>>> print(open('model_2.pdb').read())   # PDB, C-alpha atoms
ATOM      1  CA  MET A 134      33.813 -34.551  43.222
ATOM      2  CA  LEU A 135      34.359 -35.079  39.478
ATOM      3  CA  LYS A 136      36.466 -37.811  37.899
ATOM      4  CA  GLN A 137      37.619 -37.619  34.290
ATOM      5  CA  VAL A 138      36.864 -40.726  32.204
ATOM      6  CA  ALA A 139      37.760 -39.321  28.778
ATOM      7  CA  GLU A 140      38.844 -36.017  27.279
ATOM      8  CA  GLY A 141      36.191 -33.493  28.221
ATOM      9  CA  VAL A 142      33.973 -36.085  29.929
ATOM     10  CA  LEU A 143      33.738 -36.326  33.723
ATOM     11  CA  ILE A 144      31.496 -38.243  36.099
ATOM     12  CA  HIS A 145      30.287 -38.078  39.662
ATOM     13  CA  GLN A 146      29.022 -41.262  41.299
ATOM     14  CA  SER A 147      26.480 -41.206  44.109
ATOM     15  CA  ALA A 148      27.227 -43.189  47.236
ATOM     16  CA  LEU A 149      23.879 -44.923  47.664
ATOM     17  CA  LEU A 150      22.994 -46.442  44.279
ATOM     18  CA  GLU A 151      26.212 -45.675  42.383
ATOM     19  CA  ASN A 152      24.297 -43.393  40.014
ATOM     20  CA  ASN A 153      26.630 -41.829  37.483
ATOM     21  CA  THR A 154      26.113 -38.175  36.667
ATOM     22  CA  VAL A 155      27.982 -37.249  33.485
ATOM     23  CA  VAL A 156      29.466 -33.852  32.644
ATOM     24  CA  VAL A 157      30.411 -33.190  29.021
ATOM     25  CA  GLN A 158      32.448 -30.066  28.395
ATOM     26  CA  GLY A 159      31.386 -27.834  25.505
ATOM     27  CA  GLY A 160      32.262 -24.428  24.138
ATOM     28  CA  ASP A 161      30.322 -22.173  26.520
ATOM     29  CA  GLY A 162      29.535 -24.608  29.309
ATOM     30  CA  VAL A 163      28.651 -28.204  30.019
ATOM     31  CA  LEU A 164      26.013 -30.782  29.232
ATOM     32  CA  LEU A 165      24.782 -32.471  32.412
ATOM     33  CA  VAL A 166      23.360 -35.975  31.963
ATOM     34  CA  ASP A 167      21.244 -37.477  34.792
ATOM     35  CA  ALA A 168      21.963 -34.764  37.345
ATOM     36  CA  GLY A 169      22.079 -36.789  40.588
ATOM     37  CA  ILE A 170      19.855 -37.991  43.417
ATOM     38  CA  THR A 171      20.475 -35.776  46.461
ATOM     39  CA  GLY A 172      20.386 -32.040  46.983
ATOM     40  CA  ALA A 173      23.787 -32.071  48.663
ATOM     41  CA  GLU A 174      25.412 -33.809  45.698
ATOM     42  CA  MET A 175      23.839 -31.443  43.190
ATOM     43  CA  VAL A 176      24.794 -28.322  45.152
ATOM     44  CA  CYS A 177      28.371 -29.594  45.430
ATOM     45  CA  LEU A 178      28.416 -30.308  41.698
ATOM     46  CA  ALA A 179      27.069 -26.832  40.913
ATOM     47  CA  ASN A 180      29.767 -25.258  43.089
ATOM     48  CA  ASP A 181      32.504 -27.284  41.393
ATOM     49  CA  LEU A 182      31.289 -26.253  37.949
ATOM     50  CA  ARG A 183      31.157 -22.595  38.972
ATOM     51  CA  GLU A 184      34.738 -22.805  40.212
ATOM     52  CA  LEU A 185      35.723 -24.264  36.843
ATOM     53  CA  GLY A 186      33.896 -21.450  35.070
ATOM     54  CA  ARG A 187      31.688 -24.030  33.343
ATOM     55  CA  PRO A 188      27.960 -23.296  33.732
ATOM     56  CA  VAL A 189      25.373 -25.900  32.833
ATOM     57  CA  VAL A 190      24.054 -24.969  29.376
ATOM     58  CA  ALA A 191      22.016 -28.133  28.741
ATOM     59  CA  GLY A 192      20.718 -31.127  30.642
ATOM     60  CA  PHE A 193      19.558 -34.552  29.479
ATOM     61  CA  SER A 194      17.600 -37.304  31.199
ATOM     62  CA  THR A 195      18.259 -40.717  29.712
ATOM     63  CA  HIS A 196      14.841 -41.994  30.818
ATOM     64  CA  PRO A 197      11.950 -41.159  33.183
ATOM     65  CA  ASP A 198      12.895 -43.185  36.275
ATOM     66  CA  TRP A 199      12.847 -41.009  39.420
ATOM     67  CA  ASP A 200      16.625 -41.020  39.870
ATOM     68  CA  HIS A 201      17.244 -39.660  36.353
ATOM     69  CA  VAL A 202      14.818 -36.703  36.265
ATOM     70  CA  LEU A 203      15.909 -34.744  39.330
ATOM     71  CA  TRP A 204      17.352 -31.230  39.287
ATOM     72  CA  HIS A 205      18.410 -28.466  41.669
ATOM     73  CA  ALA A 206      17.997 -24.704  41.332
ATOM     74  CA  GLU A 207      21.742 -24.273  41.932
ATOM     75  CA  LEU A 208      22.368 -26.000  38.596
ATOM     76  CA  GLY A 209      20.626 -23.154  36.788
ATOM     77  CA  ALA A 210      17.763 -22.923  34.319
ATOM     78  CA  ALA A 211      19.287 -24.587  31.262
ATOM     79  CA  PRO A 212      16.938 -26.617  29.043
ATOM     80  CA  ARG A 213      16.624 -30.199  30.256
ATOM     81  CA  TYR A 214      16.099 -32.485  27.312
ATOM     82  CA  GLY A 215      14.807 -35.993  26.904
ATOM     83  CA  THR A 216      13.162 -37.994  24.161
ATOM     84  CA  ALA A 217       9.568 -37.178  23.264
ATOM     85  CA  ARG A 218       8.359 -40.388  24.954
ATOM     86  CA  CYS A 219      10.347 -39.613  28.094
ATOM     87  CA  ALA A 220       8.845 -36.114  28.287
ATOM     88  CA  ASP A 221       5.322 -37.406  27.605
ATOM     89  CA  PHE A 222       5.680 -39.968  30.390
ATOM     90  CA  MET A 223       6.785 -37.267  32.827
ATOM     91  CA  GLN A 224       3.916 -34.984  31.808
ATOM     92  CA  ASP A 225       1.489 -37.762  32.670
ATOM     93  CA  VAL A 226       3.165 -38.197  36.070
ATOM     94  CA  LEU A 227       3.076 -34.479  36.843
ATOM     95  CA  ALA A 228      -0.560 -34.195  35.756
ATOM     96  CA  ASP A 229      -1.566 -36.181  38.850
ATOM     97  CA  ALA A 230      -2.350 -33.777  41.673
ATOM     98  CA  ASP A 231      -0.725 -36.174  44.165
ATOM     99  CA  TRP A 232       2.416 -36.898  42.119
ATOM    100  CA  LYS A 233       4.808 -35.487  44.702
ATOM    101  CA  ALA A 234       3.485 -37.712  47.488
ATOM    102  CA  GLY A 235       3.675 -40.732  45.201
ATOM    103  CA  VAL A 236       7.264 -40.031  44.193
ATOM    104  CA  ALA A 237       8.322 -39.286  47.778
ATOM    105  CA  ALA A 238       6.830 -42.572  48.976
ATOM    106  CA  GLY A 239       9.036 -44.495  46.557
ATOM    107  CA  LEU A 240      12.337 -42.836  47.486
ATOM    108  CA  PRO A 241      14.978 -44.802  49.380
ATOM    109  CA  PRO A 242      14.570 -43.830  53.049
ATOM    110  CA  GLU A 243      18.304 -43.068  53.346
ATOM    111  CA  ILE A 244      17.978 -40.055  51.029
ATOM    112  CA  ALA A 245      14.277 -39.181  51.130
ATOM    113  CA  GLY A 246      14.933 -36.087  53.235
ATOM    114  CA  ASP A 247      17.565 -34.743  50.828
ATOM    115  CA  THR A 248      16.004 -35.445  47.435
ATOM    116  CA  PRO A 249      14.651 -32.178  45.955
ATOM    117  CA  LEU A 250      11.367 -32.581  44.072
ATOM    118  CA  ASP A 251      10.466 -28.976  43.185
ATOM    119  CA  LEU A 252      12.040 -29.274  39.701
ATOM    120  CA  TYR A 253      11.272 -32.956  39.288
ATOM    121  CA  GLY A 254      10.617 -34.207  35.775
ATOM    122  CA  LEU A 255      10.572 -30.864  33.944
ATOM    123  CA  ILE A 256      11.824 -32.361  30.704
ATOM    124  CA  THR A 257      11.721 -30.703  27.283
ATOM    125  CA  GLY A 258      10.881 -33.410  24.788
ATOM    126  CA  LEU A 259      12.913 -33.396  21.593
ATOM    127  CA  PRO A 260      11.009 -33.973  18.332
ATOM    128  CA  VAL A 261      10.518 -37.634  17.478
ATOM    129  CA  ALA A 262      13.526 -39.144  15.660
ATOM    130  CA  THR A 263      15.878 -36.312  16.699
ATOM    131  CA  ALA A 264      19.332 -37.732  16.025
ATOM    132  CA  ARG A 265      21.596 -35.127  17.636
ATOM    133  CA  LEU A 266      21.366 -33.180  20.876
ATOM    134  CA  PRO A 267      20.936 -29.426  20.255
ATOM    135  CA  TRP A 268      23.781 -27.781  22.133
ATOM    136  CA  ASP A 269      27.075 -25.934  21.603
ATOM    137  CA  GLY A 270      29.508 -28.760  22.230
ATOM    138  CA  PRO A 271      30.803 -31.980  20.705
ATOM    139  CA  GLU A 272      28.175 -33.790  18.659
ATOM    140  CA  VAL A 273      26.052 -36.045  20.830
ATOM    141  CA  ARG A 274      24.118 -38.759  19.008
ATOM    142  CA  ILE A 275      20.828 -39.866  20.594
ATOM    143  CA  VAL A 276      20.238 -43.636  20.504
ATOM    144  CA  GLU A 277      16.616 -44.188  21.511
ATOM    145  CA  HIS A 278      15.433 -47.751  22.074
ATOM    146  CA  PRO A 279      12.571 -49.682  23.733
ATOM    147  CA  ALA A 280      14.530 -51.334  26.571
ATOM    148  CA  HIS A 281      14.079 -50.698  30.314
ATOM    149  CA  ALA A 282      11.820 -47.605  30.325
ATOM    150  CA  PRO A 283       9.631 -45.485  28.028
ATOM    151  CA  GLY A 284      11.718 -43.234  25.807
ATOM    152  CA  HIS A 285      15.036 -44.570  27.070
ATOM    153  CA  ALA A 286      18.030 -43.183  25.189
ATOM    154  CA  ALA A 287      21.770 -43.658  25.279
ATOM    155  CA  LEU A 288      24.079 -40.830  24.221
ATOM    156  CA  LEU A 289      27.066 -41.405  21.951
ATOM    157  CA  ILE A 290      29.789 -38.747  22.041
ATOM    158  CA  GLU A 291      31.654 -39.869  18.936
ATOM    159  CA  GLU A 292      34.407 -37.256  19.155
ATOM    160  CA  ARG A 293      35.241 -38.377  22.697
ATOM    161  CA  ARG A 294      34.561 -42.097  21.975
ATOM    162  CA  VAL A 295      32.194 -42.326  24.956
ATOM    163  CA  LEU A 296      28.823 -44.085  25.241
ATOM    164  CA  ILE A 297      26.492 -42.974  28.056
ATOM    165  CA  ALA A 298      24.181 -45.967  28.448
ATOM    166  CA  GLY A 299      21.559 -44.894  30.985
ATOM    167  CA  ASP A 300      20.215 -47.833  32.993
ATOM    168  CA  MET A 301      21.836 -50.545  30.887
ATOM    169  CA  LEU A 302      25.206 -52.342  30.817
ATOM    170  CA  SER A 303      25.708 -52.022  34.574
ATOM    171  CA  ASP A 304      28.099 -54.190  36.571
ATOM    172  CA  VAL A 305      25.886 -54.023  39.676
ATOM    173  CA  PHE A 306      22.347 -54.374  38.279
ATOM    174  CA  VAL A 307      21.132 -57.132  35.986
ATOM    175  CA  PRO A 308      19.026 -55.899  33.046
ATOM    176  CA  LEU A 309      15.849 -54.352  34.445
ATOM    177  CA  LEU A 310      12.904 -55.069  32.168
ATOM    178  CA  ASP A 311      10.047 -52.667  31.530
ATOM    179  CA  ASP A 312       6.402 -53.696  31.842
ATOM    180  CA  THR A 313       5.591 -53.857  28.118
ATOM    181  CA  ALA A 314       3.826 -56.373  25.909
ATOM    182  CA  ASP A 315       7.154 -58.091  25.170
ATOM    183  CA  PRO A 316       9.801 -56.776  27.591
ATOM    184  CA  ILE A 317      12.417 -59.395  26.711
ATOM    185  CA  GLU A 318      12.276 -58.730  22.975
ATOM    186  CA  ASP A 319      12.292 -54.980  23.671
ATOM    187  CA  TYR A 320      15.429 -55.391  25.749
ATOM    188  CA  LEU A 321      17.173 -57.436  23.081
ATOM    189  CA  VAL A 322      16.344 -54.744  20.516
ATOM    190  CA  GLY A 323      17.852 -52.157  22.853
ATOM    191  CA  LEU A 324      21.022 -54.179  23.256
ATOM    192  CA  GLU A 325      21.349 -54.562  19.503
ATOM    193  CA  LEU A 326      21.112 -50.803  19.029
ATOM    194  CA  LEU A 327      23.676 -50.186  21.767
ATOM    195  CA  GLU A 328      25.989 -52.743  20.204
ATOM    196  CA  GLY A 329      25.788 -50.881  16.915
ATOM    197  CA  ALA A 330      26.550 -47.598  18.669
ATOM    198  CA  ALA A 331      29.513 -49.113  20.532
ATOM    199  CA  ASP A 332      31.720 -49.422  17.441
ATOM    200  CA  GLY A 333      34.758 -47.261  18.112
ATOM    201  CA  VAL A 334      33.796 -46.571  21.732
ATOM    202  CA  ASP A 335      36.601 -46.575  24.292
ATOM    203  CA  VAL A 336      34.566 -45.768  27.407
ATOM    204  CA  LEU A 337      31.092 -46.841  28.515
ATOM    205  CA  VAL A 338      29.368 -45.011  31.378
ATOM    206  CA  PRO A 339      26.368 -46.933  32.763
ATOM    207  CA  GLY A 340      23.648 -45.332  34.830
ATOM    208  CA  HIS A 341      24.815 -47.326  37.866
ATOM    209  CA  GLY A 342      28.138 -48.928  38.664
ATOM    210  CA  SER A 343      31.616 -48.773  37.227
ATOM    211  CA  PRO A 344      32.538 -47.402  33.795
ATOM    212  CA  ALA A 345      33.876 -49.944  31.312
ATOM    213  CA  ARG A 346      36.819 -49.503  28.982
ATOM    214  CA  GLY A 347      38.079 -51.159  25.834
ATOM    215  CA  GLU A 348      37.092 -54.795  25.403
ATOM    216  CA  GLU A 349      34.998 -54.676  28.573
ATOM    217  CA  VAL A 350      32.406 -52.573  26.700
ATOM    218  CA  ARG A 351      31.575 -55.504  24.405
ATOM    219  CA  ALA A 352      31.767 -57.885  27.354
ATOM    220  CA  ARG A 353      29.069 -55.884  29.175
ATOM    221  CA  ILE A 354      26.781 -56.111  26.148
ATOM    222  CA  ALA A 355      27.370 -59.850  25.860
ATOM    223  CA  LEU A 356      26.697 -60.358  29.573
ATOM    224  CA  ASP A 357      23.404 -58.466  29.426
ATOM    225  CA  ARG A 358      22.323 -60.366  26.327
ATOM    226  CA  ALA A 359      23.126 -63.717  27.962
ATOM    227  CA  TYR A 360      21.134 -62.758  31.052
ATOM    228  CA  VAL A 361      18.062 -61.763  29.033
ATOM    229  CA  GLU A 362      18.235 -64.895  26.845
ATOM    230  CA  ASP A 363      18.560 -67.102  29.931
ATOM    231  CA  LEU A 364      15.498 -65.394  31.375
ATOM    232  CA  ARG A 365      13.595 -65.865  28.136
ATOM    233  CA  ASP A 366      14.485 -69.560  27.937
ATOM    234  CA  ALA A 367      13.928 -70.234  31.662
ATOM    235  CA  ARG A 368      17.526 -71.257  32.241
ATOM    236  CA  VAL A 369      19.164 -70.944  35.652
ATOM    237  CA  SER A 370      21.196 -67.755  35.612
ATOM    238  CA  SER A 371      24.949 -67.920  36.125
ATOM    239  CA  ASP A 372      25.249 -64.145  35.861
ATOM    240  CA  PRO A 373      27.802 -62.909  38.425
ATOM    241  CA  ARG A 374      25.438 -60.091  39.434
ATOM    242  CA  VAL A 375      23.027 -62.822  40.540
ATOM    243  CA  VAL A 376      25.284 -65.558  41.926
ATOM    244  CA  ALA A 377      28.200 -63.453  43.238
ATOM    245  CA  PRO A 378      27.062 -59.833  43.554
ATOM    246  CA  LYS A 379      29.368 -57.027  44.553
ATOM    247  CA  PRO A 380      29.663 -56.767  48.374
ATOM    248  CA  GLY A 381      26.844 -54.605  49.630
ATOM    249  CA  TRP A 382      24.731 -55.346  46.563
ATOM    250  CA  GLU A 383      23.431 -58.742  47.631
ATOM    251  CA  TRP A 384      19.929 -57.261  47.790
ATOM    252  CA  ALA A 385      19.993 -56.685  44.033
ATOM    253  CA  SER A 386      19.850 -60.427  43.323
ATOM    254  CA  ALA A 387      16.212 -60.307  44.436
ATOM    255  CA  ILE A 388      15.495 -58.274  41.305
ATOM    256  CA  HIS A 389      16.398 -61.301  39.219
ATOM    257  CA  GLU A 390      14.182 -63.579  41.280
ATOM    258  CA  GLY A 391      11.240 -61.230  40.802
ATOM    259  CA  GLN A 392      11.825 -60.973  37.058
ATOM    260  CA  ALA A 393      12.104 -64.748  36.709
ATOM    261  CA  ARG A 394       8.773 -65.216  38.490
ATOM    262  CA  SER A 395       7.128 -62.514  36.406
ATOM    263  CA  HIS A 396       8.349 -64.040  33.151
ATOM    264  CA  ALA A 397       7.183 -67.499  34.212
ATOM    265  CA  ARG A 398       3.695 -66.131  34.944
ATOM    266  CA  ARG A 399       3.617 -64.326  31.599
ATOM    267  CA  SER A 400       4.692 -67.479  29.761
ATOM    268  CA  ARG A 401       1.988 -69.574  31.425
ATOM    269  CA  ARG A 402      -0.627 -66.961  30.618
ATOM    270  CA  ASP A 403       0.454 -66.640  26.984
ATOM    271  CA  GLY A 404       1.176 -70.318  26.478
ATOM    272  CA  THR A 405       4.706 -69.632  25.262
ATOM    273  CA  PRO A 406       7.841 -71.712  25.988
ATOM    274  CA  GLY A 407       9.701 -70.858  29.207
TER
END
>>> encode(input="model_2.pdb", output="structure tokens")
Amino acid sequence: MLKQVAEGVLIHQSALLENNTVVVQGGDGVLLVDAGITGAEMVCLANDLRELGRPVVAGFSTHPDWDHVLWHAELGAAPRYGTARCADFMQDVLADADWKAGVAAGLPPEIAGDTPLDLYGLITGLPVATARLPWDGPEVRIVEHPAHAPGHAALLIEERRVLIAGDMLSDVFVPLLDDTADPIEDYLVGLELLEGAADGVDVLVPGHGSPARGEEVRARIALDRAYVEDLRDARVSSDPRVVAPKPGWEWASAIHEGQARSHARRSRRDGTPG
């Protein structure tokens, strides 16, 4: 079920939301980034890694959205890292006695019966400003930024020239803004940090959708920036993910409509242009 995208870097893509799980090969095992969304997929992945003789020695969640903090016992008990803000957010979620019912209610009905929640959100927060992931493998640089979700981080594997972007730079989803005091500015800051990290990158793996290679990496960044600036300035979007979405993803254009309405309301309330 794994497809190689660069030397020592493999991905598995889920069928439903095109989530990309990333496997990075190290000395004694693998780093598993955003483990998957169904039990069947994770069990299959665990079996494949066992056959390769590559146990999971570390995990990482790029951010605290439900589909990036799942885990399965078959993957083992390796430490599952995230940024300090990501881990703090998950601790707040898990502190609610009814968290499991709340999470289950928000799952897509197609996979709700096969999404394991027993190990949900058990993230070990790395100290604030940690620059490198602690594991026995190629150096992995942590690029934390304020876009999309609390404690969101991309991972840059410089030796392999790969950028793992989390829920940004997708070819199926437009930029998804967080509910912060200034979500548009936060997103633009995130894009600027990703652009700086993309120097020398050959392969980009987004959280959802197709990997990008070569010049397409910069094109993805430019497309996301144009979308966010159009939203900020209340311009009609010509983004292909809005006006000509991938077949089967027509529903995703409604995300843009909702964000445009939300930004318009915020602008009226704050008295700002747009």
>>> resolve_selection(input="model_2.pdb", expression="the PyMOL selection byres ((chain A and resi 354) around 12)", output="ChimeraX atom specification")
/A:298,301-304,307-308,320-331,337,339,345,348-353,355-361
>>> residues_near_point(input="model_2.pdb", point="(11.9, -34.0, 21.4)", cutoff="8 Å", atoms="all atoms listed in the file", output="ChimeraX atom specification")
/A:214-217,220,257-263
>>> resolve_selection(input="model_2.pdb", expression="the PyMOL selection byres ((chain A and resi 240) around 12)", output="list of chain:residue names")
A:Leu149, A:Leu150, A:Ile170, A:Thr171, A:Asp198, A:Trp199, A:Asp200, A:Lys233, A:Ala234, A:Gly235, A:Val236, A:Ala237, A:Ala238, A:Gly239, A:Pro241, A:Pro242, A:Glu243, A:Ile244, A:Ala245, A:Gly246, A:Asp247, A:Thr248, A:Pro249, A:Leu250
>>> closest_residue(input="model_2.pdb", among="A:Ala210, A:Ala367, A:Ala168, A:Ile256", to="Arg394 (chain A)", atoms="all atoms listed in the file")
A:Ala367
>>> atom_distance(input="model_2.pdb", atom1="CA of Met134 (chain A)", atom2="CA of Ala377 (chain A)")
29.4 Å
>>> resolve_selection(input="model_2.pdb", expression="the PyMOL selection byres ((chain A and resi 187-189) around 7)", output="list in words")
Gly162, Val163, Leu164, Leu165, Leu182, Arg183, Leu185, Gly186, Val190, Ala191, Leu208, Gly209 and Ala211 of chain A
>>> write_last_selection(input="model_2.pdb", atoms="C-alpha atoms", output="PDB file, keeping the file's coordinate frame")
ATOM      1  CA  GLY A 162      29.535 -24.608  29.309  1.00  0.00           C
ATOM      2  CA  VAL A 163      28.651 -28.204  30.019  1.00  0.00           C
ATOM      3  CA  LEU A 164      26.013 -30.782  29.232  1.00  0.00           C
ATOM      4  CA  LEU A 165      24.782 -32.471  32.412  1.00  0.00           C
ATOM      5  CA  LEU A 182      31.289 -26.253  37.949  1.00  0.00           C
ATOM      6  CA  ARG A 183      31.157 -22.595  38.972  1.00  0.00           C
ATOM      7  CA  LEU A 185      35.723 -24.264  36.843  1.00  0.00           C
ATOM      8  CA  GLY A 186      33.896 -21.450  35.070  1.00  0.00           C
ATOM      9  CA  VAL A 190      24.054 -24.969  29.376  1.00  0.00           C
ATOM     10  CA  ALA A 191      22.016 -28.133  28.741  1.00  0.00           C
ATOM     11  CA  LEU A 208      22.368 -26.000  38.596  1.00  0.00           C
ATOM     12  CA  GLY A 209      20.626 -23.154  36.788  1.00  0.00           C
ATOM     13  CA  ALA A 211      19.287 -24.587  31.262  1.00  0.00           C
TER      14      ALA A 211
END
>>> build_atoms(input="model_2.pdb", residues="region 290-312 of chain A", atoms="N, CA, C and O atoms", output="PDB file, in the frame of the given file")
ATOM      1  N   ILE A 290      28.940 -39.909  22.306  1.00  0.00           N
ATOM      2  CA  ILE A 290      29.789 -38.747  22.041  1.00  0.00           C
ATOM      3  C   ILE A 290      30.932 -39.256  21.166  1.00  0.00           C
ATOM      4  O   ILE A 290      31.973 -39.709  21.658  1.00  0.00           O
ATOM      5  N   GLU A 291      30.725 -39.217  19.866  1.00  0.00           N
ATOM      6  CA  GLU A 291      31.654 -39.869  18.936  1.00  0.00           C
ATOM      7  C   GLU A 291      33.048 -39.261  19.009  1.00  0.00           C
ATOM      8  O   GLU A 291      34.051 -39.990  18.986  1.00  0.00           O
ATOM      9  N   GLU A 292      33.114 -37.942  19.106  1.00  0.00           N
ATOM     10  CA  GLU A 292      34.407 -37.256  19.155  1.00  0.00           C
ATOM     11  C   GLU A 292      35.227 -37.674  20.365  1.00  0.00           C
ATOM     12  O   GLU A 292      36.454 -37.742  20.315  1.00  0.00           O
ATOM     13  N   ARG A 293      34.559 -37.984  21.466  1.00  0.00           N
ATOM     14  CA  ARG A 293      35.241 -38.377  22.697  1.00  0.00           C
ATOM     15  C   ARG A 293      35.261 -39.903  22.871  1.00  0.00           C
ATOM     16  O   ARG A 293      35.819 -40.393  23.849  1.00  0.00           O
ATOM     17  N   ARG A 294      34.592 -40.628  21.964  1.00  0.00           N
ATOM     18  CA  ARG A 294      34.561 -42.097  21.975  1.00  0.00           C
ATOM     19  C   ARG A 294      33.962 -42.635  23.284  1.00  0.00           C
ATOM     20  O   ARG A 294      34.460 -43.581  23.887  1.00  0.00           O
ATOM     21  N   VAL A 295      32.861 -41.993  23.689  1.00  0.00           N
ATOM     22  CA  VAL A 295      32.194 -42.326  24.956  1.00  0.00           C
ATOM     23  C   VAL A 295      30.728 -42.645  24.676  1.00  0.00           C
ATOM     24  O   VAL A 295      30.061 -41.929  23.933  1.00  0.00           O
ATOM     25  N   LEU A 296      30.234 -43.723  25.299  1.00  0.00           N
ATOM     26  CA  LEU A 296      28.823 -44.085  25.241  1.00  0.00           C
ATOM     27  C   LEU A 296      28.239 -43.969  26.642  1.00  0.00           C
ATOM     28  O   LEU A 296      28.698 -44.628  27.578  1.00  0.00           O
ATOM     29  N   ILE A 297      27.221 -43.119  26.800  1.00  0.00           N
ATOM     30  CA  ILE A 297      26.492 -42.974  28.056  1.00  0.00           C
ATOM     31  C   ILE A 297      25.242 -43.838  27.927  1.00  0.00           C
ATOM     32  O   ILE A 297      24.357 -43.542  27.124  1.00  0.00           O
ATOM     33  N   ALA A 298      25.156 -44.908  28.719  1.00  0.00           N
ATOM     34  CA  ALA A 298      24.181 -45.967  28.448  1.00  0.00           C
ATOM     35  C   ALA A 298      22.889 -45.864  29.244  1.00  0.00           C
ATOM     36  O   ALA A 298      21.992 -46.688  29.047  1.00  0.00           O
ATOM     37  N   GLY A 299      22.749 -44.892  30.143  1.00  0.00           N
ATOM     38  CA  GLY A 299      21.559 -44.894  30.985  1.00  0.00           C
ATOM     39  C   GLY A 299      21.515 -46.167  31.813  1.00  0.00           C
ATOM     40  O   GLY A 299      22.564 -46.706  32.200  1.00  0.00           O
ATOM     41  N   ASP A 300      20.329 -46.691  32.076  1.00  0.00           N
ATOM     42  CA  ASP A 300      20.215 -47.833  32.993  1.00  0.00           C
ATOM     43  C   ASP A 300      20.406 -49.172  32.286  1.00  0.00           C
ATOM     44  O   ASP A 300      19.608 -50.102  32.439  1.00  0.00           O
ATOM     45  N   MET A 301      21.485 -49.286  31.525  1.00  0.00           N
ATOM     46  CA  MET A 301      21.836 -50.545  30.887  1.00  0.00           C
ATOM     47  C   MET A 301      23.342 -50.745  31.022  1.00  0.00           C
ATOM     48  O   MET A 301      24.084 -49.824  31.329  1.00  0.00           O
ATOM     49  N   LEU A 302      23.777 -51.993  30.843  1.00  0.00           N
ATOM     50  CA  LEU A 302      25.206 -52.342  30.817  1.00  0.00           C
ATOM     51  C   LEU A 302      25.897 -52.040  32.146  1.00  0.00           C
ATOM     52  O   LEU A 302      27.064 -51.666  32.185  1.00  0.00           O
ATOM     53  N   SER A 303      25.177 -52.251  33.235  1.00  0.00           N
ATOM     54  CA  SER A 303      25.708 -52.022  34.574  1.00  0.00           C
ATOM     55  C   SER A 303      26.452 -53.255  35.077  1.00  0.00           C
ATOM     56  O   SER A 303      26.111 -54.387  34.715  1.00  0.00           O
ATOM     57  N   ASP A 304      27.432 -53.046  35.943  1.00  0.00           N
ATOM     58  CA  ASP A 304      28.099 -54.190  36.571  1.00  0.00           C
ATOM     59  C   ASP A 304      27.533 -54.488  37.955  1.00  0.00           C
ATOM     60  O   ASP A 304      27.997 -55.412  38.627  1.00  0.00           O
ATOM     61  N   VAL A 305      26.504 -53.749  38.375  1.00  0.00           N
ATOM     62  CA  VAL A 305      25.886 -54.023  39.676  1.00  0.00           C
ATOM     63  C   VAL A 305      24.423 -54.440  39.557  1.00  0.00           C
ATOM     64  O   VAL A 305      23.912 -55.165  40.415  1.00  0.00           O
ATOM     65  N   PHE A 306      23.734 -53.984  38.519  1.00  0.00           N
ATOM     66  CA  PHE A 306      22.347 -54.374  38.279  1.00  0.00           C
ATOM     67  C   PHE A 306      22.261 -55.282  37.063  1.00  0.00           C
ATOM     68  O   PHE A 306      22.866 -54.988  36.018  1.00  0.00           O
ATOM     69  N   VAL A 307      21.489 -56.364  37.172  1.00  0.00           N
ATOM     70  CA  VAL A 307      21.132 -57.132  35.986  1.00  0.00           C
ATOM     71  C   VAL A 307      20.201 -56.271  35.132  1.00  0.00           C
ATOM     72  O   VAL A 307      19.662 -55.271  35.609  1.00  0.00           O
ATOM     73  N   PRO A 308      19.991 -56.636  33.857  1.00  0.00           N
ATOM     74  CA  PRO A 308      19.026 -55.899  33.046  1.00  0.00           C
ATOM     75  C   PRO A 308      17.665 -55.807  33.727  1.00  0.00           C
ATOM     76  O   PRO A 308      17.119 -56.812  34.182  1.00  0.00           O
ATOM     77  N   LEU A 309      17.140 -54.604  33.806  1.00  0.00           N
ATOM     78  CA  LEU A 309      15.849 -54.352  34.445  1.00  0.00           C
ATOM     79  C   LEU A 309      14.816 -54.146  33.356  1.00  0.00           C
ATOM     80  O   LEU A 309      14.864 -53.163  32.611  1.00  0.00           O
ATOM     81  N   LEU A 310      13.872 -55.070  33.260  1.00  0.00           N
ATOM     82  CA  LEU A 310      12.904 -55.069  32.168  1.00  0.00           C
ATOM     83  C   LEU A 310      11.735 -54.140  32.466  1.00  0.00           C
ATOM     84  O   LEU A 310      11.297 -54.017  33.608  1.00  0.00           O
ATOM     85  N   ASP A 311      11.223 -53.517  31.414  1.00  0.00           N
ATOM     86  CA  ASP A 311      10.047 -52.667  31.530  1.00  0.00           C
ATOM     87  C   ASP A 311       8.794 -53.543  31.482  1.00  0.00           C
ATOM     88  O   ASP A 311       8.840 -54.716  31.103  1.00  0.00           O
ATOM     89  N   ASP A 312       7.678 -52.976  31.866  1.00  0.00           N
ATOM     90  CA  ASP A 312       6.402 -53.696  31.842  1.00  0.00           C
ATOM     91  C   ASP A 312       5.700 -53.404  30.519  1.00  0.00           C
ATOM     92  O   ASP A 312       4.758 -52.613  30.444  1.00  0.00           O
TER      93      ASP A 312
END
